[in-house]
$ cat work-v5.txt   # compact mmCIF, C-alpha atoms
# COMPACT_ATOMS: atom_id res chain seq x y z
CA MET A 1 30.95 3.79 -17.15
CA ASN A 2 33.61 5.31 -14.87
CA ILE A 3 32.23 7.60 -12.17
CA SER A 4 34.56 9.73 -10.07
CA ILE A 5 34.22 10.30 -6.34
CA ALA A 6 33.30 13.94 -6.95
CA GLU A 7 30.60 13.05 -9.50
CA ALA A 8 29.01 10.48 -7.20
CA ARG A 9 28.99 12.83 -4.21
CA ARG A 10 27.54 15.71 -6.24
CA ALA A 11 24.84 13.41 -7.59
CA ARG A 12 23.97 12.24 -4.08
CA ILE A 13 23.47 15.85 -2.99
CA ALA A 14 21.30 16.43 -6.06
CA VAL A 15 19.10 13.41 -5.34
CA PHE A 16 18.69 14.55 -1.73
CA GLY A 17 17.50 17.86 -3.15
CA TYR A 18 15.11 16.21 -5.59
CA PHE A 19 13.51 14.10 -2.87
CA PHE A 20 13.22 17.06 -0.50
CA LEU A 21 11.58 19.30 -3.11
CA ALA A 22 9.22 16.54 -4.25
CA GLY A 23 8.16 15.96 -0.63
CA PHE A 24 7.89 19.73 -0.09
CA VAL A 25 5.48 20.11 -3.02
CA MET A 26 3.36 17.23 -1.75
CA GLY A 27 3.39 18.70 1.77
CA LEU A 28 2.18 22.05 0.46
CA TRP A 29 -0.55 20.35 -1.58
CA ALA A 30 -1.79 18.09 1.21
CA SER A 31 -1.78 20.79 3.88
CA GLY A 32 -3.51 23.22 1.51
CA LEU A 33 -6.43 20.88 0.80
CA PRO A 34 -8.70 22.31 3.54
CA SER A 35 -8.27 25.82 2.11
CA LEU A 36 -8.90 24.53 -1.42
CA ASN A 37 -12.01 22.76 -0.19
CA ASP A 38 -13.29 25.97 1.43
CA ARG A 39 -12.52 28.12 -1.61
CA LEU A 40 -14.34 25.88 -4.10
CA ASP A 41 -16.91 24.42 -1.67
CA LEU A 42 -16.03 20.89 -2.79
CA GLY A 43 -17.25 18.62 -0.01
CA PRO A 44 -15.95 15.11 0.75
CA ALA A 45 -17.20 13.41 -2.43
CA ARG A 46 -15.80 15.90 -4.94
CA LEU A 47 -12.57 16.28 -2.98
CA GLY A 48 -12.22 12.49 -3.01
CA THR A 49 -12.74 12.52 -6.77
CA VAL A 50 -9.95 15.07 -7.17
CA LEU A 51 -7.57 12.94 -5.13
CA LEU A 52 -8.50 9.88 -7.16
CA LEU A 53 -7.83 11.73 -10.42
CA ILE A 54 -4.40 12.80 -9.18
CA SER A 55 -3.56 9.22 -8.26
CA GLY A 56 -4.83 7.93 -11.60
CA GLY A 57 -2.73 10.44 -13.51
CA ALA A 58 0.32 9.50 -11.46
CA LEU A 59 -0.15 5.78 -12.14
CA VAL A 60 -0.41 6.35 -15.89
CA SER A 61 2.70 8.51 -16.04
CA MET A 62 4.69 6.11 -13.84
CA LEU A 63 4.17 3.29 -16.31
CA ALA A 64 4.98 5.56 -19.24
CA THR A 65 8.13 6.97 -17.64
CA GLY A 66 9.95 3.64 -17.27
CA PRO A 67 10.67 3.25 -21.01
CA LEU A 68 11.62 6.94 -21.23
CA VAL A 69 14.22 6.48 -18.47
CA ASP A 70 15.69 3.44 -20.22
CA ARG A 71 15.77 5.24 -23.57
CA TRP A 72 16.94 8.73 -22.56
CA SER A 73 18.51 8.12 -19.09
CA SER A 74 17.18 9.07 -15.68
CA ARG A 75 19.30 12.24 -15.76
CA THR A 76 17.54 13.53 -18.85
CA VAL A 77 14.08 12.73 -17.54
CA CYS A 78 14.92 14.31 -14.16
CA TRP A 79 15.99 17.50 -15.91
CA PHE A 80 12.48 18.25 -17.17
CA SER A 81 10.32 16.22 -14.78
CA GLY A 82 11.42 17.98 -11.58
CA PRO A 83 10.56 21.54 -12.67
CA VAL A 84 7.40 20.40 -14.45
CA SER A 85 6.12 18.47 -11.40
CA ALA A 86 6.27 21.70 -9.37
CA LEU A 87 4.96 23.95 -12.13
CA VAL A 88 1.80 21.88 -12.63
CA LEU A 89 0.86 22.63 -9.02
CA LEU A 90 -0.19 25.99 -10.42
CA GLY A 91 -3.22 24.42 -12.15
CA PRO A 92 -5.06 23.14 -9.07
CA ALA A 93 -3.98 26.24 -7.15
CA VAL A 94 -5.78 28.65 -9.49
CA ALA A 95 -8.64 26.41 -10.71
CA PRO A 96 -11.84 28.50 -10.62
CA GLY A 97 -14.24 25.58 -10.25
CA PHE A 98 -14.60 21.84 -9.78
CA LEU A 99 -14.56 20.92 -13.49
CA GLU A 100 -11.34 22.83 -14.12
CA LEU A 101 -9.86 21.42 -10.93
CA ALA A 102 -10.68 17.87 -12.01
CA ILE A 103 -8.90 18.32 -15.36
CA LEU A 104 -5.88 20.05 -13.84
CA ALA A 105 -5.69 17.43 -11.08
CA VAL A 106 -4.96 14.78 -13.74
CA VAL A 107 -2.16 16.98 -15.13
CA PHE A 108 -0.76 17.44 -11.62
CA GLY A 109 -0.80 13.67 -11.10
CA LEU A 110 0.97 13.09 -14.42
CA GLY A 111 3.77 15.41 -13.32
CA LEU A 112 4.13 13.73 -9.94
CA GLY A 113 4.36 10.24 -11.47
CA VAL A 114 7.12 11.16 -13.92
CA THR A 115 9.29 12.66 -11.19
CA GLU A 116 8.64 9.75 -8.83
CA VAL A 117 10.06 7.20 -11.26
CA ALA A 118 12.87 9.37 -12.63
CA MET A 119 14.35 10.44 -9.28
CA ASN A 120 14.05 6.93 -7.84
CA ALA A 121 15.79 5.51 -10.91
CA HIS A 122 18.60 8.01 -10.45
CA SER A 123 18.84 7.15 -6.75
CA VAL A 124 19.43 3.53 -7.80
CA GLU A 125 22.25 4.66 -10.08
CA VAL A 126 23.82 6.71 -7.29
CA GLU A 127 23.71 3.70 -4.96
CA ARG A 128 25.42 1.61 -7.64
CA ALA A 129 28.14 4.24 -7.89
CA TYR A 130 28.66 4.22 -4.11
CA GLY A 131 28.65 0.44 -3.89
CA ARG A 132 26.83 0.55 -0.55
CA PRO A 133 23.31 1.37 0.68
CA VAL A 134 22.37 5.06 0.34
CA ILE A 135 18.76 4.96 -0.88
CA SER A 136 16.92 4.90 2.45
CA ALA A 137 18.09 8.37 3.48
CA PHE A 138 16.65 9.80 0.26
CA HIS A 139 13.18 8.63 1.28
CA GLY A 140 13.69 10.05 4.75
CA THR A 141 14.50 13.38 3.12
CA TRP A 142 11.22 13.18 1.17
CA SER A 143 9.40 12.91 4.50
CA LEU A 144 11.31 15.91 5.84
CA GLY A 145 10.31 17.88 2.75
CA GLY A 146 6.66 17.00 3.33
CA ALA A 147 6.91 18.10 6.95
CA ALA A 148 8.52 21.37 5.84
CA GLY A 149 5.69 21.99 3.37
CA GLY A 150 3.09 21.35 6.03
CA ALA A 151 4.87 23.55 8.57
CA LEU A 152 5.21 26.43 6.08
CA THR A 153 1.51 26.22 5.25
CA ALA A 154 0.64 26.32 8.96
CA LEU A 155 2.85 29.40 9.45
CA VAL A 156 1.28 31.16 6.46
CA LEU A 157 -2.24 30.47 7.69
CA ARG A 158 -1.35 31.52 11.24
CA ALA A 159 -0.04 34.81 9.83
CA GLY A 160 -3.42 35.38 8.20
CA LEU A 161 -2.07 34.97 4.65
CA ASP A 162 -3.66 33.10 1.76
CA ALA A 163 -2.83 29.40 1.29
CA GLN A 164 -3.72 29.69 -2.40
CA MET A 165 -1.09 32.37 -2.88
CA LEU A 166 1.49 30.10 -1.19
CA LEU A 167 0.75 27.35 -3.74
CA VAL A 168 1.06 29.82 -6.60
CA VAL A 169 4.40 31.15 -5.33
CA ALA A 170 5.70 27.61 -4.81
CA ALA A 171 4.66 26.56 -8.32
CA VAL A 172 6.64 29.47 -9.74
CA VAL A 173 9.71 29.34 -7.48
CA VAL A 174 10.35 25.62 -6.89
CA PRO A 175 11.00 24.76 -10.59
CA PHE A 176 14.01 27.09 -10.49
CA LEU A 177 15.34 25.30 -7.41
CA TYR A 178 15.48 22.06 -9.38
CA VAL A 179 17.77 23.50 -12.06
CA PRO A 180 21.04 23.74 -10.07
CA LEU A 181 20.36 20.27 -8.63
CA ALA A 182 19.85 18.79 -12.10
CA ARG A 183 23.31 20.02 -13.12
CA LEU A 184 24.82 17.83 -10.37
CA LEU A 185 23.20 14.56 -11.47
CA LEU A 186 25.31 11.67 -12.73
CA PRO A 187 26.23 11.87 -16.41
CA ALA A 188 23.91 9.95 -18.69
CA ALA A 189 25.12 6.45 -19.47
CA PRO A 190 26.12 5.97 -23.11
CA GLN A 191 23.43 4.43 -25.29
CA GLN A 192 23.93 0.73 -25.80
CA PRO A 193 24.80 -0.28 -29.37
CA ALA A 194 22.19 -2.36 -31.14
CA GLY A 195 24.57 -5.31 -31.33
CA ASP A 196 24.76 -5.40 -27.55
CA ALA A 197 21.00 -5.68 -27.06
CA ALA A 198 21.16 -9.34 -26.05
CA THR A 199 23.91 -8.59 -23.54
CA GLY A 200 21.82 -5.74 -22.15
CA ARG A 201 18.88 -8.04 -21.67
CA ARG A 202 21.05 -10.50 -19.76
CA ALA A 203 22.63 -7.82 -17.58
CA GLY A 204 19.80 -5.39 -17.01
CA ALA A 205 16.57 -7.16 -17.78
CA GLY A 206 17.21 -9.94 -15.28
CA LEU A 207 14.01 -8.77 -13.63
CA LYS A 208 11.67 -11.26 -15.22
CA TRP A 209 7.95 -10.96 -14.71
CA GLY A 210 7.97 -13.41 -11.82
CA LEU A 211 10.49 -11.32 -9.87
CA ILE A 212 8.69 -8.08 -10.76
CA ALA A 213 5.43 -9.62 -9.50
CA LEU A 214 7.01 -10.65 -6.18
CA LEU A 215 8.64 -7.26 -5.65
CA GLY A 216 5.46 -5.52 -6.77
CA LEU A 217 3.36 -7.52 -4.33
CA ALA A 218 5.77 -6.68 -1.50
CA ALA A 219 5.62 -2.99 -2.47
CA PHE A 220 1.82 -3.12 -2.69
CA ALA A 221 1.57 -4.77 0.74
CA GLY A 222 4.01 -2.33 2.33
CA HIS A 223 2.32 0.74 0.87
CA LEU A 224 -1.15 -0.48 1.88
CA ALA A 225 0.04 -1.07 5.44
CA GLU A 226 1.62 2.40 5.42
CA GLY A 227 -1.55 3.97 4.04
CA ALA A 228 -3.58 2.24 6.74
CA ALA A 229 -1.49 3.95 9.41
CA ILE A 230 -1.63 7.33 7.68
CA ASP A 231 -5.41 7.35 7.32
CA TRP A 232 -6.63 5.25 10.24
CA ALA A 233 -4.18 5.50 13.16
CA ALA A 234 -5.72 8.66 14.61
CA LEU A 235 -9.26 7.39 13.99
CA HIS A 236 -8.43 4.11 15.73
CA ALA A 237 -7.22 6.06 18.77
CA ARG A 238 -10.37 8.17 18.84
CA TRP A 239 -13.01 5.56 17.98
CA ILE A 240 -11.63 2.36 19.50
CA LEU A 241 -9.45 3.60 22.36
CA ASP A 242 -11.67 6.60 23.13
CA THR A 243 -8.75 8.97 23.51
CA ASP A 244 -9.11 12.71 23.84
CA PRO A 245 -9.57 14.44 20.43
CA ALA A 246 -6.38 16.41 20.96
CA ALA A 247 -4.38 13.24 21.74
CA ALA A 248 -5.70 11.07 18.91
CA PRO A 249 -3.42 12.57 16.20
CA LEU A 250 -0.39 11.51 18.25
CA ALA A 251 -0.95 7.94 17.01
CA TYR A 252 -0.10 8.95 13.44
CA THR A 253 2.61 11.36 14.60
CA ILE A 254 4.41 8.53 16.42
CA PHE A 255 4.18 6.35 13.31
CA ALA A 256 5.49 9.14 11.05
CA VAL A 257 8.38 10.08 13.34
CA ALA A 258 9.45 6.44 13.67
CA MET A 259 9.30 5.90 9.91
CA THR A 260 11.22 9.07 9.05
CA THR A 261 13.90 8.40 11.67
CA ILE A 262 14.57 4.86 10.47
CA ARG A 263 14.61 5.96 6.84
CA LEU A 264 17.26 8.52 7.64
CA LEU A 265 19.28 5.90 9.56
CA GLY A 266 18.32 2.85 7.52
CA ASP A 267 21.27 2.64 5.14
CA PRO A 268 23.84 1.52 7.79
CA ILE A 269 21.26 -0.98 9.06
CA ARG A 270 20.90 -2.55 5.61
CA ALA A 271 24.67 -2.45 5.09
CA ARG A 272 25.11 -4.50 8.27
CA LEU A 273 22.19 -6.92 7.92
CA GLY A 274 21.95 -7.28 4.16
CA SER A 275 18.85 -6.65 2.06
CA VAL A 276 17.21 -10.04 2.63
CA ARG A 277 17.44 -9.95 6.41
CA THR A 278 16.41 -6.30 6.44
CA ILE A 279 13.15 -6.90 4.60
CA GLN A 280 12.43 -9.99 6.69
CA LEU A 281 12.92 -7.94 9.84
CA ALA A 282 10.81 -5.13 8.35
CA GLY A 283 7.87 -7.45 7.77
CA LEU A 284 8.23 -9.00 11.21
CA LEU A 285 8.34 -5.67 13.06
CA ALA A 286 5.44 -4.20 11.07
CA THR A 287 3.33 -7.31 11.73
CA LEU A 288 4.16 -7.19 15.43
CA GLY A 289 3.28 -3.50 15.47
CA TYR A 290 -0.17 -4.13 14.03
CA VAL A 291 -0.70 -7.02 16.45
CA LEU A 292 -0.03 -4.63 19.34
CA VAL A 293 -2.46 -2.11 17.88
CA LEU A 294 -5.14 -4.79 17.54
CA ALA A 295 -4.49 -6.06 21.05
CA ALA A 296 -4.51 -2.59 22.63
CA PRO A 297 -8.26 -2.54 23.45
CA LEU A 298 -7.75 -5.72 25.47
CA ALA A 299 -5.15 -4.11 27.71
CA GLY A 300 -6.05 -2.41 30.95
CA GLU A 301 -7.00 1.27 31.05
CA PRO A 302 -3.54 2.66 31.85
CA LEU A 303 -1.84 0.54 29.20
CA ARG A 304 -4.07 0.39 26.16
CA VAL A 305 -3.06 3.73 24.65
CA ALA A 306 0.63 3.06 25.34
CA CYS A 307 0.25 -0.39 23.74
CA ALA A 308 -1.29 1.11 20.61
CA TRP A 309 1.35 3.82 20.36
CA ALA A 310 4.10 1.24 20.75
CA GLY A 311 2.43 -0.72 17.97
CA TRP A 312 2.31 2.25 15.60
CA ALA A 313 5.96 2.99 16.38
CA LEU A 314 6.96 -0.60 15.55
CA ALA A 315 4.90 -0.51 12.37
CA GLY A 316 6.68 2.69 11.33
CA VAL A 317 10.09 1.21 12.08
CA GLY A 318 9.32 -1.90 10.03
CA LEU A 319 7.67 -0.25 7.04
CA ALA A 320 10.36 2.45 6.79
CA THR A 321 12.86 0.24 4.98
CA VAL A 322 10.50 -1.65 2.66
CA VAL A 323 10.56 0.70 -0.33
CA PRO A 324 14.31 1.52 -0.18
CA VAL A 325 15.21 -2.19 0.01
CA ILE A 326 12.93 -3.10 -2.89
CA PHE A 327 14.18 -0.27 -5.10
CA SER A 328 17.78 -1.19 -4.29
CA ALA A 329 17.04 -4.78 -5.31
CA VAL A 330 15.81 -3.55 -8.68
CA GLY A 331 19.11 -1.75 -9.11
CA ALA A 332 21.00 -4.90 -8.13
CA SER A 333 19.72 -6.57 -11.31
CA GLY A 334 22.19 -4.42 -13.27
CA GLY A 335 21.64 -2.52 -16.51
CA PRO A 336 18.60 -0.32 -17.29
CA VAL A 337 16.05 -0.24 -14.48
CA GLY A 338 13.40 2.18 -15.76
CA ARG A 339 10.69 -0.27 -16.83
CA ALA A 340 11.03 -2.59 -13.85
CA LEU A 341 11.20 0.29 -11.37
CA ALA A 342 8.14 1.90 -12.94
CA MET A 343 6.16 -1.35 -12.61
CA VAL A 344 7.17 -1.89 -8.98
CA THR A 345 6.47 1.77 -8.15
CA ALA A 346 3.02 1.53 -9.74
CA PHE A 347 2.26 -1.62 -7.74
CA GLY A 348 3.22 0.17 -4.53
CA TYR A 349 1.33 3.34 -5.37
CA SER A 350 -1.76 1.23 -6.02
CA GLY A 351 -1.57 0.03 -2.43
CA LEU A 352 -1.66 3.62 -1.17
CA LEU A 353 -4.51 4.37 -3.57
CA VAL A 354 -6.91 1.50 -2.88
CA GLY A 355 -5.89 0.55 0.66
CA PRO A 356 -7.58 3.27 2.71
CA ALA A 357 -10.81 2.93 0.73
CA VAL A 358 -10.90 -0.87 1.12
CA LEU A 359 -10.28 -0.57 4.84
CA GLY A 360 -13.07 1.96 5.06
CA TYR A 361 -15.53 -0.40 3.38
CA VAL A 362 -14.50 -3.28 5.64
CA ALA A 363 -14.75 -1.08 8.73
CA GLU A 364 -18.22 0.03 7.66
CA ALA A 365 -19.34 -3.57 7.15
CA SER A 366 -17.78 -4.90 10.38
CA SER A 367 -15.44 -2.76 12.51
CA LEU A 368 -12.16 -0.88 12.30
CA PRO A 369 -10.22 -3.53 14.26
CA VAL A 370 -11.39 -6.16 11.77
CA ALA A 371 -10.28 -3.89 8.90
CA LEU A 372 -6.83 -3.46 10.45
CA ILE A 373 -6.29 -7.21 10.28
CA ILE A 374 -5.70 -6.65 6.54
CA PRO A 375 -2.54 -4.51 6.92
CA ALA A 376 -1.37 -6.82 9.70
CA VAL A 377 -1.48 -9.77 7.31
CA LEU A 378 0.01 -7.78 4.45
CA SER A 379 2.92 -6.73 6.66
CA ALA A 380 3.85 -10.40 6.85
CA VAL A 381 3.41 -10.66 3.05
CA VAL A 382 6.17 -8.05 2.68
CA ALA A 383 8.71 -10.50 4.08
CA LEU A 384 7.23 -13.61 2.48
CA THR A 385 7.26 -12.22 -1.07
CA GLY A 386 10.06 -9.66 -0.93
CA ALA A 387 12.77 -11.81 0.62
CA PRO A 388 12.83 -14.58 -2.07
CA ALA A 389 12.95 -12.06 -4.93
CA ILE A 390 15.63 -9.96 -3.26
CA ARG A 391 17.68 -13.07 -2.49
CA VAL A 392 17.73 -13.94 -6.21
CA LEU A 393 18.64 -10.43 -7.31
CA THR A 394 21.34 -9.79 -4.72
CA THR A 395 23.16 -13.08 -5.28
CA ARG A 396 23.33 -13.03 -9.10
CA PRO A 397 26.13 -11.39 -11.12
CA THR A 398 25.33 -7.87 -12.32
CA ALA A 399 26.68 -5.47 -14.88
CA PRO A 400 29.44 -3.58 -13.08
CA VAL A 401 29.57 0.17 -12.59
CA THR A 402 33.09 1.41 -11.99
CA SER A 403 33.49 3.95 -9.21
CA ASP A 404 36.12 4.98 -6.69
CA VAL A 405 33.53 5.85 -4.04
CA ALA A 406 34.03 3.91 -0.83
CA ALA A 407 32.71 6.23 1.86
$ encode --input "work-v5.txt" --output "structure tokens"
Amino acid sequence: MNISIAEARRARIAVFGYFFLAGFVMGLWASGLPSLNDRLDLGPARLGTVLLLISGGALVSMLATGPLVDRWSSRTVCWFSGPVSALVLLGPAVAPGFLELAILAVVFGLGLGVTEVAMNAHSVEVERAYGRPVISAFHGTWSLGGAAGGALTALVLRAGLDAQMLLVVAAVVVPFLYVPLARLLLPAAPQQPAGDAATGRRAGAGLKWGLIALLGLAAFAGHLAEGAAIDWAALHARWILDTDPAAAPLAYTIFAVAMTTIRLLGDPIRARLGSVRTIQLAGLLATLGYVLVLAAPLAGEPLRVACAWAGWALAGVGLATVVPVIFSAVGASGGPVGRALAMVTAFGYSGLLVGPAVLGYVAEASSLPVALIIPAVLSAVVALTGAPAIRVLTTRPTAPVTSDVAA
């Protein structure tokens, strides 16, 4: 399929918009959880159940969306999934009680999962059209969207307004913001004739189960290590390093800033180093970061906090490029990517889902430093499993996509 320079550039803008809005919705949701908890008097257990139901719904819809993307195109699925994923935020926002919230949380998760797979599949197609790395910046934009959602919620609460009303307004307004972006997406690829099915399997289904398993394991390991930092960095600073309560959150902030910065700048890095070396370096830096965090309590009093913060920064730098490199490798297989991308995405999402809970159980049974050995080891697994699969996919012939885009 021939793609013009103008089409590719418009589609890139659209995908930036999709990632920003998706992150914005998640930022609003996450930052509004305390207000939701107060309104419905949920408590930790019931709130945890709600979050689990959202994750479960997302996992189910991710796996179901892959075949839809391959059958109807990522453009078509993005057209309806983006607006719907924002609209379903309305359910949890207005739920009058826990039972209704639990049901609507599943619906919210279903909407999130569909958009996650569809927009990532389209980002792969845009990178193919460009012929150079562009995916990492999309994920950085998702982080910026989340930060914007959190900042807006903070401003609304500081102004004495209702966080619930903000969620309702967002659920009504954001779907309309997706519509002009959807019009800029790449045109849908023509459906493959039945007689070309075997050719399609050779070109696009080169992701056999063994490669999917390796990429999925790398995604799982990377997401679990990321989730460990998100949920436990501040607690490690407070419990293990005995930092001031006001300073403890800086541990996660440093991780998040490092990750977002490298995601925004990561495409030129991958263009220079190549995907294999990039993911090897990612695993190495993330492992080294966790080693510094684990070694921080052994450092002297003036250095231990700085050692831990340096470790979280290195972990953020390393983990920032894992998902973009893996998704790009899926695209490098050529042909339809929906099913494979959905499987790899589900693997990764599972790491975010089960990781923090597993670490909590281990920390309860032993200690938090012992629990953090798990993400340290899994950071090395990212390189050990991701590099061989990516090497295979990036050195094999793929189905070409014709484009004039060079810059």
$ atom_distance --input "work-v5.txt" --atom1 "CA of Thr287 (chain A)" --atom2 "CA of Thr261 (chain A)"
18.9 Å
$ axis_aligned_box --input "work-v5.txt" --around "region 37-42 of chain A" --padding-each-side "6 Å" --output "JSON"
{"center_x": -14.5, "center_y": 24.5, "center_z": -1.3, "size_x": 16.9, "size_y": 19.2, "size_z": 17.5}
$ residues_around --input "work-v5.txt" --residues "region 240-255 of chain A" --least-positions-apart "3" --cutoff "12 Å" --atoms "only C-alpha atoms" --output "CSV table (one decimal) with C-alpha atoms, in the frame of the given file"
chain,number,residue,atom,x,y,z
A,147,ALA,CA,6.9,18.1,7.0
A,225,ALA,CA,0.0,-1.1,5.4
A,226,GLU,CA,1.6,2.4,5.4
A,227,GLY,CA,-1.6,4.0,4.0
A,228,ALA,CA,-3.6,2.2,6.7
A,229,ALA,CA,-1.5,4.0,9.4
A,230,ILE,CA,-1.6,7.3,7.7
A,231,ASP,CA,-5.4,7.4,7.3
A,232,TRP,CA,-6.6,5.2,10.2
A,233,ALA,CA,-4.2,5.5,13.2
A,234,ALA,CA,-5.7,8.7,14.6
A,235,LEU,CA,-9.3,7.4,14.0
A,236,HIS,CA,-8.4,4.1,15.7
A,237,ALA,CA,-7.2,6.1,18.8
A,258,ALA,CA,9.4,6.4,13.7
A,259,MET,CA,9.3,5.9,9.9
A,260,THR,CA,11.2,9.1,9.0
A,261,THR,CA,13.9,8.4,11.7
A,262,ILE,CA,14.6,4.9,10.5
A,286,ALA,CA,5.4,-4.2,11.1
A,289,GLY,CA,3.3,-3.5,15.5
A,290,TYR,CA,-0.2,-4.1,14.0
A,293,VAL,CA,-2.5,-2.1,17.9
A,294,LEU,CA,-5.1,-4.8,17.5
A,295,ALA,CA,-4.5,-6.1,21.0
A,296,ALA,CA,-4.5,-2.6,22.6
A,297,PRO,CA,-8.3,-2.5,23.4
A,298,LEU,CA,-7.8,-5.7,25.5
A,299,ALA,CA,-5.2,-4.1,27.7
A,300,GLY,CA,-6.0,-2.4,31.0
A,301,GLU,CA,-7.0,1.3,31.0
A,302,PRO,CA,-3.5,2.7,31.8
A,303,LEU,CA,-1.8,0.5,29.2
A,304,ARG,CA,-4.1,0.4,26.2
A,305,VAL,CA,-3.1,3.7,24.6
A,306,ALA,CA,0.6,3.1,25.3
A,307,CYS,CA,0.2,-0.4,23.7
A,308,ALA,CA,-1.3,1.1,20.6
A,309,TRP,CA,1.4,3.8,20.4
A,310,ALA,CA,4.1,1.2,20.8
A,311,GLY,CA,2.4,-0.7,18.0
A,312,TRP,CA,2.3,2.2,15.6
A,313,ALA,CA,6.0,3.0,16.4
A,314,LEU,CA,7.0,-0.6,15.6
A,315,ALA,CA,4.9,-0.5,12.4
A,316,GLY,CA,6.7,2.7,11.3
A,317,VAL,CA,10.1,1.2,12.1
A,318,GLY,CA,9.3,-1.9,10.0
A,319,LEU,CA,7.7,-0.2,7.0
A,320,ALA,CA,10.4,2.4,6.8
A,363,ALA,CA,-14.8,-1.1,8.7
A,367,SER,CA,-15.4,-2.8,12.5
A,368,LEU,CA,-12.2,-0.9,12.3
A,369,PRO,CA,-10.2,-3.5,14.3
A,370,VAL,CA,-11.4,-6.2,11.8
A,372,LEU,CA,-6.8,-3.5,10.4
$ atom_distance --input "work-v5.txt" --atom1 "CA of Arg9 (chain A)" --atom2 "CA of Asp267 (chain A)"
15.8 Å
$ closest_residue --input "work-v5.txt" --among "A:Arg10, A:His122, A:Arg128, A:Arg277" --to "Gly66 (chain A)" --atoms "only C-alpha atoms"
A:His122
$ atom_distance --input "work-v5.txt" --atom1 "CA of Thr115 (chain A)" --atom2 "CA of Pro388 (chain A)"
28.9 Å
$ residues_around --input "work-v5.txt" --residues "Thr76 (chain A)" --least-positions-apart "5" --cutoff "9 Å" --atoms "all atoms listed in the file" --output "ChimeraX atom specification"
/A:69,81,118,182,188
$ closest_residue --input "work-v5.txt" --among "A:Val168, A:Leu393, A:Ala218, A:Ala137" --to "Ser275 (chain A)" --atoms "all atoms listed in the file"
A:Leu393
$ residues_around --input "work-v5.txt" --residues "region 88-104 of chain A" --least-positions-apart "6" --cutoff "12 Å" --atoms "all atoms listed in the file" --output "ChimeraX atom specification"
/A:22,24-30,32-33,35-43,45-57,81-82,110-113,115,162-175
$ closest_residue --input "work-v5.txt" --among "A:Val77, A:Ala221, A:Ala387, A:Gly334" --to "Leu352 (chain A)" --atoms "only C-alpha atoms"
A:Ala221
